[in-house]
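Just model30.txt here, compact mmCIF, C-alpha atoms and all ligand atoms:
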# COMPACT_ATOMS: atom_id res chain seq x y z
CA MET A 89 -9.27 -28.94 -26.10
CA ASP A 90 -11.49 -26.03 -27.08
CA GLU A 91 -11.13 -23.88 -30.18
CA LYS A 92 -9.34 -21.12 -28.30
CA HIS A 93 -6.59 -23.49 -27.20
CA ALA A 94 -6.35 -25.03 -30.66
CA VAL A 95 -5.88 -21.62 -32.23
CA SER A 96 -3.19 -20.65 -29.73
CA ARG A 97 -1.31 -23.84 -30.39
CA ARG A 98 -1.38 -23.38 -34.18
CA ARG A 99 -0.03 -19.88 -33.78
CA PHE A 100 2.90 -21.11 -31.73
CA VAL A 101 3.65 -23.96 -34.14
CA GLY A 102 3.75 -21.38 -36.91
CA GLY A 103 6.26 -19.39 -34.91
CA VAL A 104 8.81 -22.16 -34.58
CA THR A 105 10.48 -21.86 -37.93
CA SER A 106 10.93 -18.13 -37.76
CA ALA A 107 12.11 -18.24 -34.17
CA LEU A 108 14.87 -20.74 -34.78
CA GLY A 109 16.93 -18.72 -37.19
CA LEU A 110 15.85 -15.20 -37.77
CA LEU A 111 15.72 -13.45 -34.44
CA THR A 112 18.10 -10.64 -33.73
CA LEU A 113 17.48 -9.82 -30.10
CA GLU A 114 19.96 -7.81 -28.17
CA PRO A 115 20.50 -9.73 -24.94
CA GLY A 116 21.65 -6.72 -22.97
CA ARG A 117 18.63 -4.56 -23.72
CA LEU A 118 16.27 -5.15 -20.90
CA VAL A 119 13.61 -2.79 -19.70
CA SER A 120 11.44 -3.00 -16.63
CA GLN A 121 7.72 -3.32 -16.95
CA ALA A 122 6.07 -0.66 -14.82
CA ALA A 123 3.63 -3.13 -13.26
CA GLY A 124 5.58 -5.72 -11.32
CA GLN A 125 8.98 -4.68 -12.68
CA VAL A 126 9.28 -7.85 -14.75
CA PRO A 127 12.35 -7.49 -16.96
CA ARG A 128 11.57 -8.16 -20.60
CA PRO A 129 13.49 -7.97 -23.84
CA GLN A 130 12.65 -5.20 -26.27
CA THR A 131 11.22 -6.84 -29.33
CA THR A 132 8.83 -5.85 -32.05
CA PRO A 133 5.33 -7.32 -31.61
CA ASP A 134 6.05 -9.70 -34.52
CA GLU A 135 9.27 -10.95 -32.93
CA TYR A 136 7.53 -11.34 -29.58
CA ASP A 137 4.88 -13.59 -31.15
CA THR A 138 7.54 -15.97 -32.46
CA LEU A 139 9.34 -16.44 -29.13
CA ALA A 140 8.84 -19.39 -26.82
CA LYS A 141 7.90 -17.41 -23.69
CA LEU A 142 9.13 -19.48 -20.76
CA ALA A 143 10.41 -16.61 -18.62
CA ASN A 144 7.53 -15.32 -16.52
CA ASN A 145 5.42 -18.29 -15.36
CA GLU A 146 2.44 -17.20 -17.44
CA ASN A 147 -0.46 -19.25 -18.76
CA PRO A 148 0.42 -19.66 -22.45
CA TYR A 149 -3.10 -20.49 -23.63
CA GLY A 150 -4.74 -17.15 -22.89
CA PRO A 151 -8.07 -16.52 -21.22
CA PRO A 152 -10.84 -18.99 -22.08
CA GLU A 153 -13.85 -18.03 -24.18
CA SER A 154 -16.02 -17.32 -21.11
CA VAL A 155 -13.53 -14.75 -19.81
CA MET A 156 -12.97 -13.17 -23.21
CA LYS A 157 -16.72 -12.77 -23.60
CA ALA A 158 -17.06 -11.10 -20.19
CA MET A 159 -14.16 -8.74 -20.88
CA THR A 160 -15.40 -7.88 -24.36
CA GLY A 161 -18.81 -7.03 -22.90
CA ALA A 162 -17.15 -4.69 -20.38
CA PHE A 163 -15.42 -2.58 -23.05
CA LYS A 164 -18.51 -0.39 -23.14
CA TYR A 165 -17.42 0.96 -19.74
CA ALA A 166 -14.07 2.15 -21.06
CA ASN A 167 -15.16 5.80 -20.82
CA ARG A 168 -16.62 5.56 -17.28
CA TYR A 169 -15.47 5.86 -13.67
CA GLY A 170 -18.67 4.80 -11.94
CA TYR A 171 -19.27 1.64 -13.96
CA PRO A 172 -20.84 -1.62 -12.71
CA ASP A 173 -17.90 -3.84 -11.84
CA GLY A 174 -19.52 -7.25 -12.21
CA GLY A 175 -19.50 -7.76 -8.45
CA ILE A 176 -15.86 -8.81 -8.33
CA VAL A 177 -15.37 -8.34 -4.57
CA ASP A 178 -18.51 -10.30 -3.74
CA ALA A 179 -17.52 -13.02 -6.22
CA ILE A 180 -14.11 -13.42 -4.56
CA ALA A 181 -15.64 -13.35 -1.07
CA LYS A 182 -18.18 -16.02 -2.07
CA HIS A 183 -15.51 -18.13 -3.77
CA HIS A 184 -13.54 -18.32 -0.52
CA GLY A 185 -16.46 -18.24 1.92
CA VAL A 186 -15.29 -15.03 3.64
CA PRO A 187 -17.05 -11.71 4.31
CA ARG A 188 -16.34 -9.02 1.72
CA GLU A 189 -14.63 -6.89 4.38
CA ASN A 190 -11.81 -9.46 4.27
CA VAL A 191 -11.09 -8.87 0.57
CA MET A 192 -8.82 -6.22 -0.91
CA LEU A 193 -8.13 -5.93 -4.66
CA GLY A 194 -4.93 -4.87 -6.37
CA ALA A 195 -3.77 -4.28 -9.93
CA GLY A 196 -2.02 -7.65 -9.76
CA SER A 197 -1.03 -9.35 -6.53
CA GLY A 198 2.35 -7.66 -6.92
CA ALA A 199 0.56 -4.41 -6.10
CA ILE A 200 -0.77 -6.01 -2.90
CA LEU A 201 2.72 -7.18 -1.92
CA ASP A 202 3.94 -3.60 -2.35
CA VAL A 203 1.04 -2.24 -0.31
CA ALA A 204 1.65 -4.77 2.46
CA GLY A 205 5.34 -3.88 2.49
CA THR A 206 4.61 -0.16 2.65
CA ALA A 207 2.00 -0.53 5.40
CA LEU A 208 3.75 -3.08 7.60
CA LEU A 209 7.39 -2.10 7.28
CA GLN A 210 7.12 1.47 8.53
CA ASP A 211 9.42 2.67 11.35
CA ASP A 212 12.39 0.53 10.31
CA ARG A 213 10.47 -2.70 10.59
CA ARG A 214 12.10 -5.74 8.98
CA ILE A 215 10.77 -8.52 6.78
CA VAL A 216 11.68 -12.17 7.43
CA SER A 217 11.69 -14.41 4.38
CA ALA A 218 13.42 -17.26 2.65
CA GLU A 219 16.44 -16.61 0.51
CA VAL A 220 15.74 -17.49 -2.34
CA SER A 221 12.15 -16.38 -2.90
CA TYR A 222 10.06 -13.99 -5.04
CA ASP A 223 12.50 -11.13 -5.26
CA VAL A 224 10.23 -8.47 -6.74
CA LEU A 225 8.85 -7.94 -3.23
CA PHE A 226 12.36 -7.52 -1.88
CA GLN A 227 13.12 -4.87 -4.51
CA HIS A 228 10.16 -2.89 -3.21
CA VAL A 229 11.29 -3.49 0.35
CA THR A 230 14.77 -2.27 -0.53
CA ALA A 231 13.27 0.87 -2.05
CA LEU A 232 11.51 1.45 1.28
CA LYS A 233 14.89 1.02 2.95
CA ALA A 234 13.42 -1.75 5.06
CA ASP A 235 15.75 -4.53 6.04
CA GLN A 236 15.28 -8.15 5.00
CA ILE A 237 16.18 -10.97 7.37
CA LYS A 238 17.05 -13.82 5.05
CA VAL A 239 16.58 -17.44 6.03
CA PRO A 240 18.55 -19.76 3.72
CA LEU A 241 16.72 -22.57 1.96
CA LEU A 242 17.35 -26.14 3.07
CA PRO A 243 19.62 -28.32 0.89
CA ASP A 244 16.53 -29.76 -0.84
CA PHE A 245 15.41 -26.17 -1.67
CA ARG A 246 12.50 -26.28 0.79
CA GLN A 247 11.90 -23.41 3.20
CA ASP A 248 13.36 -23.79 6.68
CA ILE A 249 10.42 -23.23 9.03
CA PRO A 250 12.26 -23.79 12.37
CA ALA A 251 14.94 -21.28 11.26
CA THR A 252 12.21 -18.83 10.21
CA ILE A 253 10.60 -19.12 13.65
CA ALA A 254 13.99 -18.60 15.30
CA ALA A 255 14.66 -15.52 13.13
CA VAL A 256 11.32 -13.98 14.16
CA HIS A 257 12.03 -14.58 17.84
CA ALA A 258 15.58 -13.24 17.59
CA ASN A 259 14.32 -10.01 15.99
CA TYR A 260 10.84 -9.84 17.48
CA ARG A 261 10.79 -6.12 18.27
CA ASP A 262 11.83 -5.23 14.72
CA VAL A 263 9.87 -7.69 12.60
CA GLY A 264 7.08 -6.05 10.57
CA MET A 265 6.07 -9.15 8.65
CA VAL A 266 7.01 -12.62 7.52
CA TYR A 267 6.75 -13.41 3.80
CA LEU A 268 6.06 -17.02 2.87
CA CYS A 269 5.72 -17.93 -0.79
CA SER A 270 4.15 -21.34 -1.39
CA PRO A 271 4.71 -22.79 -3.90
CA ASN A 272 7.88 -20.75 -3.75
CA ASN A 273 9.02 -18.78 -6.77
CA PRO A 274 11.58 -19.63 -8.15
CA THR A 275 12.04 -23.13 -6.69
CA GLY A 276 8.47 -24.44 -7.10
CA ARG A 277 8.59 -26.13 -3.69
CA ILE A 278 5.68 -25.91 -1.28
CA VAL A 279 5.42 -25.24 2.43
CA THR A 280 3.16 -28.00 3.75
CA ARG A 281 0.00 -27.25 5.72
CA GLN A 282 1.70 -28.75 8.80
CA GLU A 283 4.65 -26.39 8.36
CA VAL A 284 2.37 -23.37 7.99
CA ALA A 285 0.67 -24.39 11.27
CA GLN A 286 4.08 -24.88 12.88
CA LEU A 287 5.13 -21.37 11.80
CA LEU A 288 1.94 -19.64 12.92
CA ASP A 289 1.93 -21.45 16.25
CA GLY A 290 5.66 -20.88 16.72
CA ILE A 291 5.82 -17.09 16.38
CA PRO A 292 4.18 -14.34 18.45
CA SER A 293 0.56 -14.06 17.34
CA ASP A 294 0.82 -10.34 16.53
CA VAL A 295 3.44 -10.79 13.78
CA PRO A 296 1.69 -10.57 10.37
CA VAL A 297 2.48 -13.40 7.95
CA LEU A 298 1.89 -12.80 4.24
CA ILE A 299 1.35 -16.10 2.47
CA ASP A 300 1.73 -15.75 -1.29
CA GLU A 301 -0.41 -18.38 -3.04
CA ALA A 302 0.14 -17.13 -6.61
CA TYR A 303 0.73 -20.72 -7.80
CA PHE A 304 -1.86 -22.39 -5.55
CA HIS A 305 -3.83 -23.84 -8.47
CA PHE A 306 -0.99 -25.97 -9.80
CA VAL A 307 -0.35 -27.97 -6.61
CA ASP A 308 -1.31 -31.65 -6.40
CA ASP A 309 0.43 -32.53 -3.12
CA PRO A 310 -2.15 -33.61 -0.47
CA ASP A 311 0.03 -32.03 2.23
CA TYR A 312 -0.63 -28.60 0.74
CA ALA A 313 -3.62 -26.38 1.58
CA THR A 314 -4.66 -22.77 1.33
CA SER A 315 -4.08 -20.67 4.45
CA ILE A 316 -7.30 -18.67 4.01
CA PRO A 317 -9.01 -20.47 6.96
CA TYR A 318 -6.45 -18.84 9.27
CA VAL A 319 -7.87 -15.44 8.32
CA LEU A 320 -11.31 -16.56 9.49
CA GLU A 321 -9.73 -17.73 12.74
CA GLY A 322 -8.59 -14.16 13.28
CA ARG A 323 -4.88 -14.85 12.83
CA GLN A 324 -2.62 -12.11 11.48
CA VAL A 325 -2.42 -13.77 8.07
CA ILE A 326 -2.65 -12.14 4.64
CA VAL A 327 -3.19 -14.58 1.77
CA CYS A 328 -2.39 -13.22 -1.70
CA ARG A 329 -3.84 -14.63 -4.90
CA THR A 330 -3.52 -13.57 -8.52
CA PHE A 331 -5.47 -13.88 -11.76
CA SER A 332 -2.14 -13.77 -13.66
CA LYS A 333 -1.27 -17.45 -13.56
CA ILE A 334 -3.96 -20.13 -13.90
CA ALA A 335 -6.52 -17.52 -15.07
CA ALA A 336 -4.21 -16.18 -17.82
CA LEU A 337 -4.80 -12.48 -17.08
CA ALA A 338 -1.21 -11.34 -16.40
CA GLY A 339 -1.42 -8.52 -18.91
CA MET A 340 -4.74 -7.33 -17.50
CA ARG A 341 -3.51 -6.91 -13.88
CA LEU A 342 -5.79 -8.26 -11.17
CA GLY A 343 -4.96 -9.80 -7.82
CA TYR A 344 -6.33 -9.73 -4.31
CA CYS A 345 -5.68 -10.61 -0.74
CA ILE A 346 -7.79 -12.17 1.97
CA ALA A 347 -6.89 -10.74 5.36
CA PRO A 348 -8.39 -9.77 8.73
CA ARG A 349 -10.22 -6.46 8.78
CA SER A 350 -7.58 -4.88 11.03
CA LEU A 351 -4.79 -5.63 8.54
CA ILE A 352 -6.88 -4.48 5.58
CA GLN A 353 -7.50 -1.23 7.43
CA ARG A 354 -3.75 -0.77 7.83
CA MET A 355 -3.08 -1.53 4.15
CA ARG A 356 -6.05 0.20 2.48
CA PRO A 357 -4.67 3.78 2.68
CA TYR A 358 -1.76 2.71 0.46
CA ALA A 359 -3.81 0.70 -2.05
CA ASP A 360 -4.60 2.20 -5.44
CA GLY A 361 -7.96 0.66 -6.33
CA ALA A 362 -8.31 3.06 -9.25
CA ALA A 363 -5.41 1.30 -11.00
CA ILE A 364 -7.64 -1.71 -11.67
CA ASN A 365 -9.51 -1.47 -14.96
CA ALA A 366 -13.19 -2.15 -15.63
CA ILE A 367 -12.53 -4.92 -18.13
CA VAL A 368 -10.44 -7.18 -15.91
CA LYS A 369 -12.96 -6.96 -13.08
CA TRP A 370 -15.55 -8.60 -15.32
CA GLY A 371 -12.92 -11.04 -16.58
CA GLY A 372 -12.05 -11.97 -13.00
CA VAL A 373 -15.66 -12.79 -12.14
CA ALA A 374 -15.93 -15.03 -15.22
CA ALA A 375 -12.56 -16.67 -14.44
CA LEU A 376 -13.65 -17.66 -10.93
CA ALA A 377 -16.64 -19.42 -12.45
CA ASP A 378 -14.76 -21.25 -15.21
CA THR A 379 -13.32 -24.12 -13.20
CA ALA A 380 -13.36 -26.49 -16.22
CA SER A 381 -10.93 -24.36 -18.17
CA GLN A 382 -8.61 -24.05 -15.16
CA ALA A 383 -8.68 -27.81 -14.64
CA TRP A 384 -7.63 -28.26 -18.27
CA VAL A 385 -4.75 -25.78 -17.86
CA LYS A 386 -3.56 -27.53 -14.70
CA LYS A 387 -3.70 -31.00 -16.23
CA THR A 388 -1.95 -29.95 -19.43
CA THR A 389 0.69 -27.97 -17.56
CA LEU A 390 1.50 -30.79 -15.16
CA GLU A 391 1.76 -33.30 -18.01
CA LEU A 392 4.15 -31.06 -19.93
CA ARG A 393 6.17 -30.37 -16.79
CA GLY A 394 6.51 -34.10 -16.15
CA LYS A 395 7.58 -34.77 -19.72
CA THR A 396 10.13 -31.94 -19.86
CA VAL A 397 11.62 -32.71 -16.45
CA ALA A 398 11.94 -36.41 -17.36
CA ALA A 399 13.78 -35.50 -20.58
CA LEU A 400 16.23 -33.28 -18.70
CA ARG A 401 16.89 -35.89 -16.02
CA GLU A 402 17.44 -38.53 -18.66
CA TYR A 403 19.94 -36.18 -20.28
CA GLY A 404 21.77 -36.12 -16.94
CA TYR A 405 20.63 -32.84 -15.34
CA ALA A 406 19.15 -32.49 -11.87
CA VAL A 407 15.79 -30.73 -11.61
CA VAL A 408 14.28 -29.35 -8.39
CA PRO A 409 10.92 -31.12 -7.79
CA SER A 410 8.23 -28.53 -8.49
CA ASP A 411 4.58 -28.08 -7.60
CA ALA A 412 4.13 -25.05 -9.86
CA ASN A 413 3.94 -24.10 -13.54
CA PHE A 414 7.73 -23.79 -13.67
CA PHE A 415 10.78 -25.69 -12.48
CA MET A 416 14.48 -25.14 -11.90
CA VAL A 417 17.19 -27.14 -13.64
CA HIS A 418 20.76 -27.25 -12.34
CA LEU A 419 22.95 -26.23 -15.28
CA ARG A 420 26.26 -26.75 -13.42
CA ARG A 421 27.42 -23.46 -14.94
CA PRO A 422 26.39 -19.79 -14.60
CA VAL A 423 22.85 -19.00 -15.64
CA GLN A 424 23.27 -15.64 -17.42
CA PRO A 425 25.23 -16.87 -20.48
CA ALA A 426 22.78 -19.76 -20.80
CA ILE A 427 19.84 -17.32 -20.87
CA GLU A 428 21.52 -15.57 -23.75
CA GLU A 429 22.11 -18.85 -25.61
CA PHE A 430 18.44 -19.73 -25.27
CA ARG A 431 17.46 -16.29 -26.49
CA LYS A 432 19.55 -16.73 -29.63
CA ARG A 433 17.43 -19.83 -30.28
CA GLY A 434 14.17 -17.93 -29.81
CA VAL A 435 13.47 -19.23 -26.31
CA LEU A 436 12.97 -16.84 -23.37
CA VAL A 437 13.79 -18.47 -20.02
CA GLY A 438 13.74 -17.16 -16.45
CA ARG A 439 16.07 -14.50 -15.11
CA PRO A 440 18.95 -15.27 -12.72
CA PHE A 441 18.08 -15.46 -9.03
CA ALA A 442 20.60 -14.32 -6.43
CA GLY A 443 21.65 -17.30 -4.33
CA LEU A 444 21.05 -19.86 -7.10
CA PRO A 445 23.67 -18.87 -9.68
CA GLU A 446 23.61 -22.18 -11.57
CA HIS A 447 19.88 -22.89 -11.51
CA LEU A 448 17.73 -21.88 -14.46
CA ARG A 449 14.00 -21.29 -13.98
CA VAL A 450 11.87 -22.52 -16.85
CA SER A 451 8.12 -21.82 -17.14
CA ILE A 452 5.81 -24.43 -18.60
CA GLY A 453 4.52 -23.21 -21.95
CA THR A 454 2.63 -25.04 -24.68
CA ALA A 455 3.73 -28.47 -25.96
CA ASP A 456 5.39 -26.75 -28.89
CA GLU A 457 7.26 -24.30 -26.66
CA MET A 458 8.45 -27.10 -24.39
CA SER A 459 9.81 -29.11 -27.28
CA ARG A 460 11.58 -26.00 -28.58
CA PHE A 461 13.08 -25.59 -25.10
CA THR A 462 14.24 -29.22 -24.96
CA VAL A 463 15.76 -29.04 -28.45
CA ALA A 464 17.58 -25.81 -27.51
CA PHE A 465 18.77 -27.30 -24.19
CA LYS A 466 20.33 -30.27 -25.94
CA ASP A 467 21.90 -27.96 -28.49
CA ILE A 468 23.47 -25.77 -25.80
CA PHE A 469 24.46 -28.34 -23.18
CA PRO A 470 26.17 -31.72 -23.51
CA ALA A 471 24.62 -34.89 -22.12
CA VAL A 472 26.15 -35.80 -18.76
CA LYS A 473 26.37 -39.06 -16.91
CA ALA A 474 23.66 -39.66 -14.28
CA SER A 475 23.29 -36.65 -12.02
CA ASN A 476 24.58 -37.03 -8.51
CA ASP A 477 23.98 -33.61 -7.06
CA GLY A 478 20.68 -34.07 -5.28
CA PRO A 479 17.23 -32.97 -6.42
N1 LIG B 501 3.78 -13.52 -6.31
C1 LIG B 501 4.53 -14.41 -6.94
C2 LIG B 501 5.14 -15.53 -6.18
C3 LIG B 501 4.79 -14.29 -8.32
O1 LIG B 501 5.57 -15.18 -8.92
C4 LIG B 501 4.21 -13.20 -9.02
C5 LIG B 501 4.45 -13.02 -10.44
O2 LIG B 501 5.18 -13.71 -11.10
C6 LIG B 501 3.43 -12.31 -8.31
C7 LIG B 501 3.22 -12.50 -6.95
C8 LIG B 501 2.82 -11.11 -8.94
O3 LIG B 501 1.87 -11.44 -9.86
P1 LIG B 501 0.81 -10.40 -10.39
O4 LIG B 501 1.26 -9.03 -9.95
O5 LIG B 501 0.82 -10.53 -11.86
O6 LIG B 501 -0.48 -10.77 -9.78

Represent the supplied structure as structure tokens.
Ligand code: PLP
Amino acid sequence: MDEKHAVSRRRFVGGVTSALGLLTLEPGRLVSQAAGQVPRPQTTPDEYDTLAKLANNENPYGPPESVMKAMTGAFKYANRYGYPDGGIVDAIAKHHGVPRENVMLGAGSGAILDVAGTALLQDDRRIVSAEVSYDVLFQHVTALKADQIKVPLLPDFRQDIPATIAAVHANYRDVGMVYLCSPNNPTGRIVTRQEVAQLLDGIPSDVPVLIDEAYFHFVDDPDYATSIPYVLEGRQVIVCRTFSKIAALAGMRLGYCIAPRSLIQRMRPYADGAAINAIVKWGGVAALADTASQAWVKKTTLELRGKTVAALREYGYAVVPSDANFFMVHLRRPVQPAIEEFRKRGVLVGRPFAGLPEHLRVSIGTADEMSRFTVAFKDIFPAVKASNDGP
């Protein structure tokens, strides 16, 4: 572990004592963050530092030294418009082996989802997607007054590809795009590479499919693969990636998509490239190069996920198998009061998701945060006999 990680960990250990007793958060007071509309509690900066932040699937360790150095160096451009940007578009294009004309940046991949929705759901077009999935996109879609065709998840919380194909065919004239989140937020389950092929081969080739790979870097399953090669094949596929998760730049706002030129041309008029700051562009270039730090984050996150999930299962609670830096636990009772109980104990956990009223989403934080979560869980919920309600 490098010094940066060691420092972060000490800071969180220091926060435990204060978080356990002294916090006075008001559970009802939630505000929306302008970028991405992530609900967050109003706290003072000092209170925020003491919380175990397991609500937003962030990287708890912060950017590595290499990225901090690149961003610090870019501060000198803070007063400029026409600054050198570190070559971020070329770096992304090279990283994926695609021409730069296939890359579009956004101030977070959430911005790209919004742009795709705005561009592709004009004229009363509808979006086909799983229910339950990343709902921030659907909020944007609702604001556009575009209709969502919801395909229920399978009983094991995986996405139902044959039903998705059927929904596209049944509504072909109206469908503006399909949204496929893999690993899916909030369930953490993947769509396998075979299923992606089945979907793309099973629907009319002119229906755009947006494949959200925000959690790509955490997957170990050999049946999973990026869908970027489909873009090079000329399929109507938009693959979204973010620097907010494995690269720890959520607060800096940088994401991108890889898509065919024709789709980028449709989306570009709605994209706000000027919303992306100089500093994160340099940070993004450094992040793409720092594969060692990302490997460490993945390994540590997966170990902590395994440990926490095992503890919950042993305590009698079913957990949805996850391939991401979060998981869902079945509480067998409504989620909202549980969120408030965790908050009283200084632990922020995921928001409720429509369609999964008894499943709590928990992000993987540091070792200290995960033990605070497990202690709080056992304080709030009784042990139950072996779970018998599926995954
Ligand atoms: N897509 C998914 C599935 C997410 O979970 C998130 C954020 O949590 C985003 C996109 C947006 O991330 P950002 O706008 O920070 O890149």

* Asked: Hey, can you pull every residue with an atom no more than 12 Å from (-5.6, 2.8, 5.3), using only C-alpha atoms, and send it as a list in words?
  -> Met192, Val203, Ala204, Thr206, Ala207, Leu208, Arg349, Ser350, Leu351, Ile352, Gln353, Arg354, Met355, Arg356, Pro357, Tyr358, Ala359 and Asp360 of chain A

(9.6, -26.3, -11.2) in this file's frame - what residues fall within 10 Å of it? Use only C-alpha atoms and give the answer as a VMD selection string. chain A and resid 145 271 to 277 393 to 394 397 407 to 417 448 to 452

Students should find that atom CA of A:Phe441 and atom CA of A:Asp211 are spaced 28.6 Å

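Atom pair atom C5 of ligand LIG 501 (chain B) / atom CA of A:Gly322 has a distance of 27.1 Å (rounded to one decimal).
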
Exercise. Name each residue within 8 Å of ligand LIG 501 (chain B), counting all atoms listed in the file, as a PyMOL selection string.
Key: chain A and resi 123-124+144-146+195-201+221-222+224+269-274+300-303+328-333+337-339+341-343

Once you count all atoms listed in the file, what closest atom pair and distance in Å to one decimal does each residue of stretch 334-424 of chain A within 8 Å of stretch 316-321 of chain A have, with rows by chain and rising residue number, as a tab-separated table?
residue	atom	partner	partner_atom	distance
A:Ile346	CA	A:Ile316	CA	6.8
A:Ala347	CA	A:Val319	CA	5.6
A:Pro348	CA	A:Val319	CA	5.7

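One finds atom CA of A:Ala335 at 6.1 Å from atom CA of A:Ala375.
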
* Nearest candidate to A:Asp235 (options A:Ile334, A:Ala455, A:Ile215, A:Ala426; using only C-alpha atoms) ->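 Ranked by minimum distance to A:Asp235, first place goes to A:Ile215.
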